[in-house]
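> Pasting upload_13.csv below, which is CSV, C-alpha atoms and all ligand atoms.
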```csv
chain,number,residue,atom,x,y,z
Z,919,MET,CA,8.1,86.4,-35.4
Z,920,ARG,CA,11.1,86.6,-33.2
Z,921,ALA,CA,13.2,83.4,-32.8
Z,922,ILE,CA,16.7,82.3,-32.0
Z,923,THR,CA,18.5,80.9,-35.0
Z,924,VAL,CA,21.8,79.2,-35.9
Z,925,ARG,CA,23.4,79.2,-39.3
Z,926,ASP,CA,27.1,78.3,-38.8
Z,927,ARG,CA,28.0,75.0,-37.3
Z,928,ASP,CA,31.5,76.1,-36.4
Z,929,ALA,CA,30.3,79.2,-34.5
Z,930,GLY,CA,29.1,77.3,-31.4
Z,931,VAL,CA,27.1,79.2,-28.8
Z,932,SER,CA,28.2,82.6,-30.3
Z,933,GLY,CA,26.2,81.7,-33.4
Z,934,LEU,CA,22.8,81.8,-31.5
Z,935,THR,CA,21.2,85.0,-32.8
Z,936,LEU,CA,17.8,86.7,-32.2
Z,937,THR,CA,16.3,87.0,-35.7
Z,938,ASP,CA,13.0,87.7,-37.5
Z,939,MET,CA,11.7,84.4,-38.9
Z,940,PRO,CA,8.6,83.6,-40.9
Z,941,TYR,CA,5.5,82.4,-38.9
Z,942,PRO,CA,5.6,78.5,-39.2
Z,943,HIS,CA,3.4,76.5,-41.6
Z,944,ALA,CA,1.0,74.0,-40.1
Z,945,ALA,CA,1.3,70.7,-42.0
Z,946,GLU,CA,-1.0,67.7,-41.7
Z,947,ASN,CA,-1.5,66.7,-38.0
Z,948,ASP,CA,0.5,69.7,-36.8
Z,949,ALA,CA,-0.4,72.2,-34.2
Z,950,ILE,CA,1.0,75.7,-34.2
Z,951,VAL,CA,1.9,76.6,-30.6
Z,952,ARG,CA,2.4,80.0,-29.2
Z,953,VAL,CA,5.4,79.4,-27.0
Z,954,TYR,CA,5.3,80.7,-23.5
Z,955,ALA,CA,8.4,78.8,-22.2
Z,956,ALA,CA,11.0,76.8,-23.9
Z,957,GLY,CA,13.7,74.3,-22.8
Z,958,PHE,CA,16.9,73.4,-24.6
Z,959,THR,CA,19.8,71.0,-24.1
Z,960,PRO,CA,23.2,72.6,-24.0
Z,961,GLY,CA,24.8,70.0,-26.3
Z,962,GLU,CA,22.1,70.2,-29.0
Z,963,LEU,CA,24.3,72.4,-31.3
Z,964,ASP,CA,26.3,69.2,-31.9
Z,965,TRP,CA,23.3,67.1,-32.9
Z,966,PRO,CA,22.9,66.4,-36.7
Z,967,GLY,CA,19.2,67.2,-36.6
Z,968,THR,CA,20.0,70.8,-35.6
Z,969,TRP,CA,21.6,71.3,-39.0
Z,970,SER,CA,20.0,68.8,-41.4
Z,971,ASP,CA,16.5,67.6,-42.2
Z,972,ARG,CA,15.5,63.9,-42.2
Z,973,ALA,CA,16.9,63.5,-45.7
Z,974,GLY,CA,20.2,64.9,-44.6
Z,975,ARG,CA,19.7,68.3,-46.4
Z,976,ASP,CA,21.0,71.5,-44.9
Z,977,ARG,CA,18.1,73.2,-43.0
Z,978,THR,CA,19.8,76.4,-41.7
Z,979,PRO,CA,18.9,78.9,-40.5
Z,980,SER,CA,17.4,76.5,-37.9
Z,981,ILE,CA,15.7,77.3,-34.6
Z,982,PRO,CA,17.0,75.2,-31.7
Z,983,GLY,CA,15.1,74.1,-28.5
Z,984,HIS,CA,13.0,71.0,-28.3
Z,985,GLU,CA,10.9,71.4,-25.2
Z,986,LEU,CA,8.0,73.8,-25.0
Z,987,SER,CA,4.9,74.9,-23.0
Z,988,GLY,CA,2.4,77.2,-24.6
Z,989,VAL,CA,-1.0,77.5,-26.2
Z,990,VAL,CA,-2.4,76.0,-29.4
Z,991,VAL,CA,-3.2,78.8,-31.9
Z,992,GLU,CA,-3.8,76.8,-35.1
Z,993,LEU,CA,-4.3,73.2,-36.2
Z,994,GLY,CA,-3.1,71.7,-39.5
Z,995,TYR,CA,-5.2,69.7,-41.9
Z,996,GLY,CA,-6.8,66.7,-40.2
Z,997,THR,CA,-5.3,67.4,-36.8
Z,998,THR,CA,-7.3,65.9,-33.9
Z,999,GLY,CA,-6.9,65.5,-30.2
Z,1000,LEU,CA,-6.2,69.2,-29.4
Z,1001,THR,CA,-8.2,72.4,-29.7
Z,1002,VAL,CA,-7.2,76.0,-30.5
Z,1003,GLY,CA,-6.7,77.9,-27.2
Z,1004,GLN,CA,-5.7,74.8,-25.3
Z,1005,ARG,CA,-2.6,74.8,-23.0
Z,1006,VAL,CA,-0.1,72.2,-24.0
Z,1007,PHE,CA,3.4,71.1,-23.4
Z,1008,GLY,CA,5.7,68.6,-25.1
Z,1009,LEU,CA,8.6,67.8,-27.4
Z,1010,THR,CA,9.4,69.2,-30.9
Z,1011,ASP,CA,10.9,67.2,-33.7
Z,1012,TRP,CA,14.7,67.0,-33.7
Z,1013,THR,CA,14.9,67.8,-37.4
Z,1014,ARG,CA,12.4,70.7,-37.6
Z,1015,ASN,CA,12.5,74.3,-36.2
Z,1016,GLY,CA,12.2,74.2,-32.5
Z,1017,SER,CA,10.8,76.0,-29.5
Z,1018,LEU,CA,13.2,79.0,-29.0
Z,1019,ALA,CA,10.7,81.2,-30.9
Z,1020,GLU,CA,7.4,82.9,-30.5
Z,1021,TYR,CA,5.6,80.2,-32.5
Z,1022,THR,CA,6.5,76.7,-33.6
Z,1023,ALA,CA,4.9,73.9,-35.6
Z,1024,VAL,CA,4.7,70.6,-33.8
Z,1025,GLU,CA,3.1,67.2,-34.6
Z,1026,ALA,CA,0.1,67.2,-32.3
Z,1027,ARG,CA,0.8,63.7,-31.1
Z,1028,ASN,CA,4.0,65.0,-29.5
Z,1029,LEU,CA,2.0,67.4,-27.3
Z,1030,ALA,CA,0.0,66.7,-24.1
Z,1031,PRO,CA,-2.7,68.9,-22.5
Z,1032,LEU,CA,-1.4,71.1,-19.6
Z,1033,ALA,CA,-3.7,71.9,-16.6
Z,1034,ALA,CA,-4.2,75.6,-15.9
Z,1035,ASP,CA,-2.5,75.3,-12.5
Z,1036,ILE,CA,0.9,74.3,-13.8
Z,1037,ASP,CA,3.2,77.2,-14.8
Z,1038,HIS,CA,4.6,77.1,-18.3
Z,1039,THR,CA,8.1,77.6,-17.0
Z,1040,VAL,CA,7.8,74.4,-14.9
Z,1041,ALA,CA,6.1,72.4,-17.7
Z,1042,ALA,CA,8.8,73.3,-20.2
Z,1043,ALA,CA,11.4,71.7,-17.9
Z,1044,LEU,CA,9.7,68.3,-18.0
Z,1045,PRO,CA,9.4,66.8,-21.6
Z,1046,ILE,CA,12.9,65.6,-22.3
Z,1047,SER,CA,14.0,65.0,-18.7
Z,1048,GLY,CA,10.7,63.3,-17.8
Z,1049,LEU,CA,10.4,61.1,-20.8
Z,1050,THR,CA,14.1,60.2,-20.9
Z,1051,ALA,CA,14.1,59.2,-17.2
Z,1052,TRP,CA,10.9,57.1,-17.6
Z,1053,GLN,CA,12.0,55.4,-20.8
Z,1054,GLY,CA,15.5,54.6,-19.4
Z,1055,LEU,CA,14.4,53.3,-16.1
Z,1056,PHE,CA,11.2,51.4,-17.0
Z,1057,ASP,CA,11.0,50.8,-20.8
Z,1058,HIS,CA,14.6,49.9,-21.3
Z,1059,ALA,CA,15.9,48.7,-17.9
Z,1060,GLN,CA,12.6,47.3,-16.5
Z,1061,LEU,CA,13.4,48.7,-13.0
Z,1062,THR,CA,11.1,47.3,-10.4
Z,1063,THR,CA,10.3,47.5,-6.6
Z,1064,GLY,CA,13.2,46.3,-4.4
Z,1065,GLN,CA,15.9,46.6,-7.0
Z,1066,THR,CA,18.9,48.9,-6.7
Z,1067,VAL,CA,19.7,51.5,-9.3
Z,1068,LEU,CA,22.8,53.7,-9.6
Z,1069,ILE,CA,21.9,57.1,-11.2
Z,1070,HIS,CA,24.8,59.2,-12.5
Z,1071,GLY,CA,24.3,63.0,-12.6
Z,1072,ALA,CA,21.5,62.6,-10.0
Z,1073,ALA,CA,21.1,66.4,-9.5
Z,1074,GLY,CA,21.0,67.1,-13.2
Z,1075,GLY,CA,18.0,67.5,-15.5
Z,1076,VAL,CA,17.4,63.8,-16.3
Z,1077,GLY,CA,19.0,62.4,-13.2
Z,1078,SER,CA,16.9,64.4,-10.8
Z,1079,ILE,CA,13.7,63.1,-12.4
Z,1080,ALA,CA,15.1,59.6,-12.5
Z,1081,VAL,CA,15.8,59.6,-8.8
Z,1082,GLN,CA,12.2,60.7,-8.0
Z,1083,LEU,CA,10.7,58.1,-10.3
Z,1084,ALA,CA,12.9,55.3,-9.1
Z,1085,ARG,CA,12.1,56.0,-5.4
Z,1086,GLU,CA,8.5,56.1,-6.1
Z,1087,VAL,CA,8.5,52.6,-7.6
Z,1088,GLY,CA,10.3,51.4,-4.5
Z,1089,ALA,CA,13.8,51.0,-5.8
Z,1090,ARG,CA,16.9,51.7,-3.7
Z,1091,VAL,CA,18.7,54.6,-5.3
Z,1092,ILE,CA,22.4,55.5,-5.3
Z,1093,GLY,CA,22.9,58.9,-6.8
Z,1094,THR,CA,26.2,60.3,-8.1
Z,1095,GLY,CA,27.5,63.7,-9.1
Z,1096,ARG,CA,29.8,66.4,-7.9
Z,1097,ALA,CA,30.3,67.3,-4.2
Z,1098,ASP,CA,27.9,70.2,-4.5
Z,1099,ASP,CA,25.1,67.9,-5.7
Z,1100,ARG,CA,25.0,65.8,-2.6
Z,1101,ASP,CA,22.2,67.7,-0.7
Z,1102,VAL,CA,20.0,68.0,-3.9
Z,1103,ALA,CA,20.3,64.2,-4.7
Z,1104,LEU,CA,19.6,63.1,-1.1
Z,1105,GLY,CA,16.8,65.7,-0.9
Z,1106,LEU,CA,15.1,64.1,-4.0
Z,1107,GLY,CA,15.2,60.7,-2.4
Z,1108,ALA,CA,18.5,59.0,-3.1
Z,1109,GLN,CA,19.5,56.9,-0.1
Z,1110,THR,CA,23.2,57.2,-0.8
Z,1111,PHE,CA,25.3,59.7,-2.7
Z,1112,LEU,CA,28.7,59.3,-4.3
Z,1113,ASP,CA,31.0,62.2,-5.2
Z,1114,LEU,CA,32.5,61.0,-8.5
Z,1115,ASP,CA,35.6,63.2,-7.9
Z,1116,ALA,CA,36.4,61.9,-4.4
Z,1117,ASP,CA,34.6,58.5,-3.8
Z,1118,ASP,CA,35.5,55.1,-5.3
Z,1119,LEU,CA,32.8,54.0,-7.7
Z,1120,GLN,CA,33.8,50.4,-7.1
Z,1121,HIS,CA,32.6,50.6,-3.5
Z,1122,VAL,CA,29.0,50.7,-4.6
Z,1123,GLY,CA,28.8,46.9,-5.0
Z,1124,GLU,CA,26.5,45.2,-7.4
Z,1125,VAL,CA,23.4,47.0,-8.7
Z,1126,ASP,CA,20.5,45.8,-10.9
Z,1127,VAL,CA,20.5,48.9,-13.0
Z,1128,VAL,CA,23.0,51.7,-13.9
Z,1129,PHE,CA,21.4,54.8,-15.4
Z,1130,ASP,CA,24.2,56.8,-17.0
Z,1131,VAL,CA,24.0,60.4,-18.3
Z,1132,ILE,CA,27.8,61.2,-18.4
Z,1133,GLY,CA,29.4,58.6,-20.7
Z,1134,GLY,CA,33.2,58.2,-21.2
Z,1135,ASP,CA,35.3,56.7,-18.4
Z,1136,ILE,CA,32.4,56.8,-15.9
Z,1137,LEU,CA,30.2,54.8,-18.2
Z,1138,GLU,CA,32.9,52.3,-18.8
Z,1139,ARG,CA,33.8,51.9,-15.1
Z,1140,SER,CA,30.1,51.4,-14.3
Z,1141,THR,CA,29.7,48.3,-16.4
Z,1142,GLU,CA,31.4,46.0,-13.9
Z,1143,LEU,CA,28.9,47.1,-11.2
Z,1144,VAL,CA,25.9,45.6,-13.1
Z,1145,ARG,CA,24.9,42.2,-11.5
Z,1146,PRO,CA,24.3,39.2,-13.8
Z,1147,GLY,CA,21.0,39.8,-15.6
Z,1148,GLY,CA,21.1,43.5,-14.9
Z,1149,THR,CA,21.1,46.5,-17.3
Z,1150,LEU,CA,23.3,49.5,-18.0
Z,1151,VAL,CA,21.3,52.1,-19.8
Z,1152,THR,CA,23.0,55.3,-21.1
Z,1153,ILE,CA,21.7,58.4,-22.8
Z,1154,ALA,CA,25.2,59.9,-23.3
Z,1155,MET,CA,26.8,57.8,-26.0
Z,1156,PRO,CA,26.7,54.2,-27.5
Z,1157,PRO,CA,28.7,52.1,-25.0
Z,1158,THR,CA,31.9,50.5,-26.1
Z,1159,VAL,CA,31.9,47.9,-23.3
Z,1160,ARG,CA,29.0,45.9,-21.8
Z,1161,PRO,CA,28.3,44.2,-18.5
Z,1162,LYS,CA,29.7,40.6,-18.4
Z,1163,ASP,CA,26.3,38.9,-18.0
Z,1164,GLY,CA,24.0,41.9,-18.6
Z,1165,ARG,CA,22.7,44.2,-21.2
Z,1166,ALA,CA,23.9,47.7,-22.3
Z,1167,ILE,CA,21.5,50.0,-24.0
Z,1168,PHE,CA,21.9,53.5,-25.5
Z,1169,PHE,CA,18.7,55.2,-26.7
Z,1170,VAL,CA,17.3,58.5,-27.8
Z,1171,VAL,CA,14.2,59.7,-26.1
Z,1172,GLU,CA,10.9,59.3,-28.0
Z,1173,PRO,CA,7.8,61.5,-27.8
Z,1174,ASP,CA,4.9,59.9,-25.9
Z,1175,ARG,CA,1.7,61.9,-25.3
Z,1176,ALA,CA,0.3,59.4,-22.8
Z,1177,ARG,CA,3.4,59.4,-20.7
Z,1178,LEU,CA,3.6,63.2,-20.8
Z,1179,THR,CA,0.0,63.3,-19.5
Z,1180,ASP,CA,1.0,61.0,-16.7
Z,1181,LEU,CA,4.1,63.0,-15.8
Z,1182,ALA,CA,2.0,66.2,-15.7
Z,1183,GLN,CA,-0.4,64.6,-13.3
Z,1184,ARG,CA,2.5,63.6,-11.0
Z,1185,LEU,CA,3.6,67.2,-11.2
Z,1186,ARG,CA,0.2,68.5,-10.2
Z,1187,THR,CA,0.0,66.2,-7.2
Z,1188,GLY,CA,3.5,67.1,-6.0
Z,1189,ARG,CA,4.8,63.5,-6.7
Z,1190,LEU,CA,7.4,64.9,-9.2
Z,1191,ASN,CA,9.3,68.2,-9.0
Z,1192,PRO,CA,11.5,69.2,-11.9
Z,1193,ILE,CA,14.3,71.6,-10.7
Z,1194,VAL,CA,13.8,74.8,-12.6
Z,1195,GLY,CA,17.0,76.9,-12.3
Z,1196,ALA,CA,17.4,80.2,-14.1
Z,1197,VAL,CA,14.4,81.7,-16.1
Z,1198,ARG,CA,15.7,84.0,-18.9
Z,1199,PRO,CA,14.2,86.0,-21.7
Z,1200,LEU,CA,14.7,84.9,-25.4
Z,1201,SER,CA,17.3,87.6,-25.9
Z,1202,GLU,CA,19.6,85.9,-23.3
Z,1203,THR,CA,19.5,82.5,-24.9
Z,1204,ALA,CA,23.1,82.6,-26.0
Z,1205,SER,CA,24.4,83.3,-22.5
Z,1206,ALA,CA,22.0,80.7,-21.0
Z,1207,PHE,CA,23.5,78.1,-23.4
Z,1208,ALA,CA,27.0,79.1,-22.5
Z,1209,ARG,CA,26.4,78.8,-18.8
Z,1210,HIS,CA,29.9,79.7,-17.6
Z,1211,ARG,CA,28.9,79.3,-13.9
Z,1212,ARG,CA,27.1,76.2,-12.7
Z,1213,THR,CA,23.5,76.9,-12.0
Z,1214,PRO,CA,21.4,74.2,-10.4
Z,1215,GLY,CA,18.4,72.8,-12.4
Z,1216,LYS,CA,17.2,73.3,-15.9
Z,1217,THR,CA,17.5,76.8,-17.4
Z,1218,ILE,CA,14.2,77.9,-19.0
Z,1219,ILE,CA,13.7,80.5,-21.7
Z,1220,GLN,CA,10.5,82.5,-21.0
Z,1221,VAL,CA,9.1,83.8,-24.3
Z,1222,ALA,CA,5.8,85.2,-22.8
Z,1223,ASP,CA,4.7,85.5,-19.2
Z,1224,GLU,CA,1.7,83.6,-17.8
Z,1225,GLN,CA,-0.6,86.4,-19.0
Z,1226,GLY,CA,0.8,86.0,-22.5
Z,1227,THR,CA,2.7,89.3,-22.6
Z,1228,PRO,CA,6.0,88.8,-24.5
Z,1229,THR,CA,9.0,89.1,-22.2
Z,1230,SER,CA,11.4,91.8,-23.2
Z,1231,PHE,CA,13.5,90.9,-26.2
Z,1301,LIG,N1,19.8,60.2,-25.5
Z,1301,LIG,C1,18.8,61.0,-25.1
Z,1301,LIG,O1,17.7,60.8,-25.4
Z,1301,LIG,C2,19.1,62.1,-24.2
Z,1301,LIG,C3,18.0,62.8,-23.6
Z,1301,LIG,C4,18.3,63.8,-22.7
Z,1301,LIG,C5,19.6,64.2,-22.5
Z,1301,LIG,N2,20.6,63.5,-23.1
Z,1301,LIG,C6,22.0,63.9,-22.9
Z,1301,LIG,O2,22.3,63.4,-21.5
Z,1301,LIG,C7,23.2,64.3,-20.9
Z,1301,LIG,C8,22.6,64.7,-19.5
Z,1301,LIG,O3,21.5,65.5,-19.8
Z,1301,LIG,P1,20.9,66.4,-18.6
Z,1301,LIG,O4,19.9,67.3,-19.2
Z,1301,LIG,O5,20.6,65.6,-17.4
Z,1301,LIG,O6,22.2,67.3,-18.3
Z,1301,LIG,P2,22.6,68.1,-16.9
Z,1301,LIG,O7,21.3,68.8,-16.4
Z,1301,LIG,O8,23.8,68.9,-17.2
Z,1301,LIG,O9,22.9,67.0,-15.9
Z,1301,LIG,C9,24.1,66.2,-15.9
Z,1301,LIG,C10,24.6,66.1,-14.5
Z,1301,LIG,O10,25.7,65.2,-14.4
Z,1301,LIG,C11,26.8,66.0,-13.8
Z,1301,LIG,N3,28.1,65.5,-14.3
Z,1301,LIG,C12,28.5,65.5,-15.6
Z,1301,LIG,N4,29.7,65.1,-15.7
Z,1301,LIG,C13,30.1,64.8,-14.5
Z,1301,LIG,C14,31.3,64.3,-13.9
Z,1301,LIG,N5,32.4,64.0,-14.7
Z,1301,LIG,N6,31.4,64.1,-12.6
Z,1301,LIG,C15,30.3,64.4,-11.8
Z,1301,LIG,N7,29.2,64.9,-12.3
Z,1301,LIG,C16,29.1,65.1,-13.6
Z,1301,LIG,C17,26.5,67.4,-14.1
Z,1301,LIG,O11,27.3,68.2,-13.3
Z,1301,LIG,P3,27.9,69.6,-14.0
Z,1301,LIG,O12,26.8,70.5,-14.4
Z,1301,LIG,O13,28.7,70.1,-12.8
Z,1301,LIG,O14,28.8,69.2,-15.1
Z,1301,LIG,C18,25.0,67.5,-13.9
Z,1301,LIG,O15,24.7,67.6,-12.6
Z,1301,LIG,C19,23.5,65.4,-21.9
Z,1301,LIG,O16,24.7,65.1,-22.6
Z,1301,LIG,C20,22.3,65.4,-22.8
Z,1301,LIG,O17,22.7,65.8,-24.1
Z,1301,LIG,C21,20.4,62.5,-24.0
```
Let's see the structure in the file written out as structure tokens.

Amino acid sequence: MRAITVRDRDAGVSGLTLTDMPYPHAAENDAIVRVYAAGFTPGELDWPGTWSDRAGRDRTPSIPGHELSGVVVELGYGTTGLTVGQRVFGLTDWTRNGSLAEYTAVEARNLAPLAADIDHTVAAALPISGLTAWQGLFDHAQLTTGQTVLIHGAAGGVGSIAVQLAREVGARVIGTGRADDRDVALGLGAQTFLDLDADDLQHVGEVDVVFDVIGGDILERSTELVRPGGTLVTIAMPPTVRPKDGRAIFFVVEPDRARLTDLAQRLRTGRLNPIVGAVRPLSETASAFARHRRTPGKTIIQVADEQGTPTSF
């Protein structure tokens, strides 16, 4: 099968190569999914799991990409909950071959059913952004109605979903980003927007929750905005400072079939809209990763079209 692989950690994006790889093995509780659309995270070539298995052993050549939408073609020994021919979407394991391939093996519990009226290219944009936004806002920061949340990177993959979920629960949302992101963030439901290059973060005042996706100096300067008892949650890096009378949490997103099912239902009813940016074929993965020019939304790699015809390699 055709797949994008990486072998050399120092090669960066230029090491992403279209290769012939063996068809994957379905282990216990796995599903083999024929991938129609895949999502990736630009920084994943720096993640340890891209290069090593769970025991820390080299696992190259490895296939990146951890979001997928496709169709189940095979089930491993003892796998329940899914059927062959079913449309599914979800997350692949960080330390196994991923979704930038024609086929991939995934633990079935990390996949959720996908209704026929949701395009694979839209579904592939949701797993990491949707689960990360949900877990950050509600599982870790316990955001509730009437509270105020500051969401950094509000027009980005995770931030754009977080803004929509936070508004729906009845929170007041302050979004941040670059000047060009203002209209997107306000259009998604943020009541206020802050241009991080031009506006003073300290003018925001106290907030119940900070949701950070940027890290560094912006993360540090945000800690003092958290009101006593509030929470700073970040997905960028473990924080080195914490709010005076509040909590600071860094986490890595976890798979969750029930939540994915809920997010897909929101998508169907129009309550949630992931921003899909460019849609590119597998052969253009390296340039999609490199992204020299800013493109709004999540870049999706289309491996096969909605009829199942492989896109041109
Ligand atoms: N811990 C986890 O479980 C987890 C899960 C998902 C993602 N992540 C990480 O979280 C980060 C965000 O992911 P994402 O998918 O949301 O990325 P994304 O789509 O690139 O969104 C990030 C947004 O923040 C903006 N931004 C970044 N730095 C900025 C700055 N200094 N000033 C103003 N705006 C800035 C970006 O603008 P530009 O595009 O102009 O830079 C973009 O709009 C990534 O580092 C990713 O690896 C972690």
> Find the residue from Z:Leu1104, Z:Val951, Z:Val1159, Z:Leu1018 that sits nearest to Ile1219 in chain Z; use all atoms listed in the file when measuring.
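Checking each of Z:Leu1104, Z:Val951, Z:Val1159, Z:Leu1018 against Ile1219 in chain Z, counting all atoms listed in the file, the winner is Z:Leu1018.
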> Env of range 932-947 of chain Z: 8 Å cut, atoms = only C-alpha atoms, seq-sep filter 4 positions within chain, self excluded. Answer as number ranges by chain.
Z: 919-927, 992-998, 1021-1023, 1025-1027, 1200-1201, 1203-1204
> For CA of Gly1164 in chain Z and CA of Val1067 in chain Z, determine how far apart the two atoms are, in Å to one decimal place.
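Atom-to-atom, CA of Gly1164 in chain Z and CA of Val1067 in chain Z are spaced 14.0 Å apart.
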> List as a list in words the protein and nucleic acid residues near Val1151 in chain Z, meaning an atom at most 9 Å away when only C-alpha atoms are counted, but skip any in the same chain fewer than 3 places from it.
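In the requested format, the answer is Gly1054, Leu1055, His1058, Ala1059, Val1127, Val1128, Phe1129, Asp1130, Val1131, Arg1165, Ala1166, Ile1167, Phe1168 and Phe1169 of chain Z.
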> Identify which of the residues Z:Trp969, Z:Tyr954, Z:Trp1052, Z:Phe1007 lies closest to ligand LIG 1301 (chain Z), counting all atoms listed in the file when measuring atom-to-atom distances.
Z:Trp1052
> Counting all atoms listed in the file, which of Z:Asp976, Z:Glu1142, Z:Asp1035, Z:Glu1172 gets nearest to ligand LIG 1301 (chain Z)?
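Distance minimum relative to ligand LIG 1301 (chain Z) lands on Z:Glu1172.
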> Using all atoms listed in the file, can you tell me which of Z:Asp971, Z:Asp1113, Z:Asp1126, Z:Asp1174 comes closest to ligand LIG 1301 (chain Z)?
Z:Asp1113
> Pick out the residues sitting within 10 Å of Leu1112 in chain Z, and hand them over as a PyMOL selection string; count all atoms listed in the file, and ignore anything fewer than 5 positions along from it in its own chain.
chain Z and resi 1068-1070+1072+1092-1097+1099-1100+1103+1117-1119+1121-1122
> Could you tell me which of Z:Ala1043, Z:Ile1079, Z:Ala949, Z:Leu1185 comes closest to Gly999 in chain Z if we count all atoms listed in the file?
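Checking each candidate against Gly999 in chain Z, we get Z:Ala949 as the closest.
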> Skipping near chain neighbours, those fewer than 3 positions away, what residues fall within 12 Å of Asp1135 in chain Z using all atoms listed in the file, listed as a list in words?
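Once the nearby chain positions are removed, what remains is Leu1114, Leu1119, Asp1130, Val1131, Ile1132, Glu1138, Arg1139, Ser1140, Thr1141, Ala1154, Met1155, Pro1157, Thr1158 and Val1159 of chain Z.
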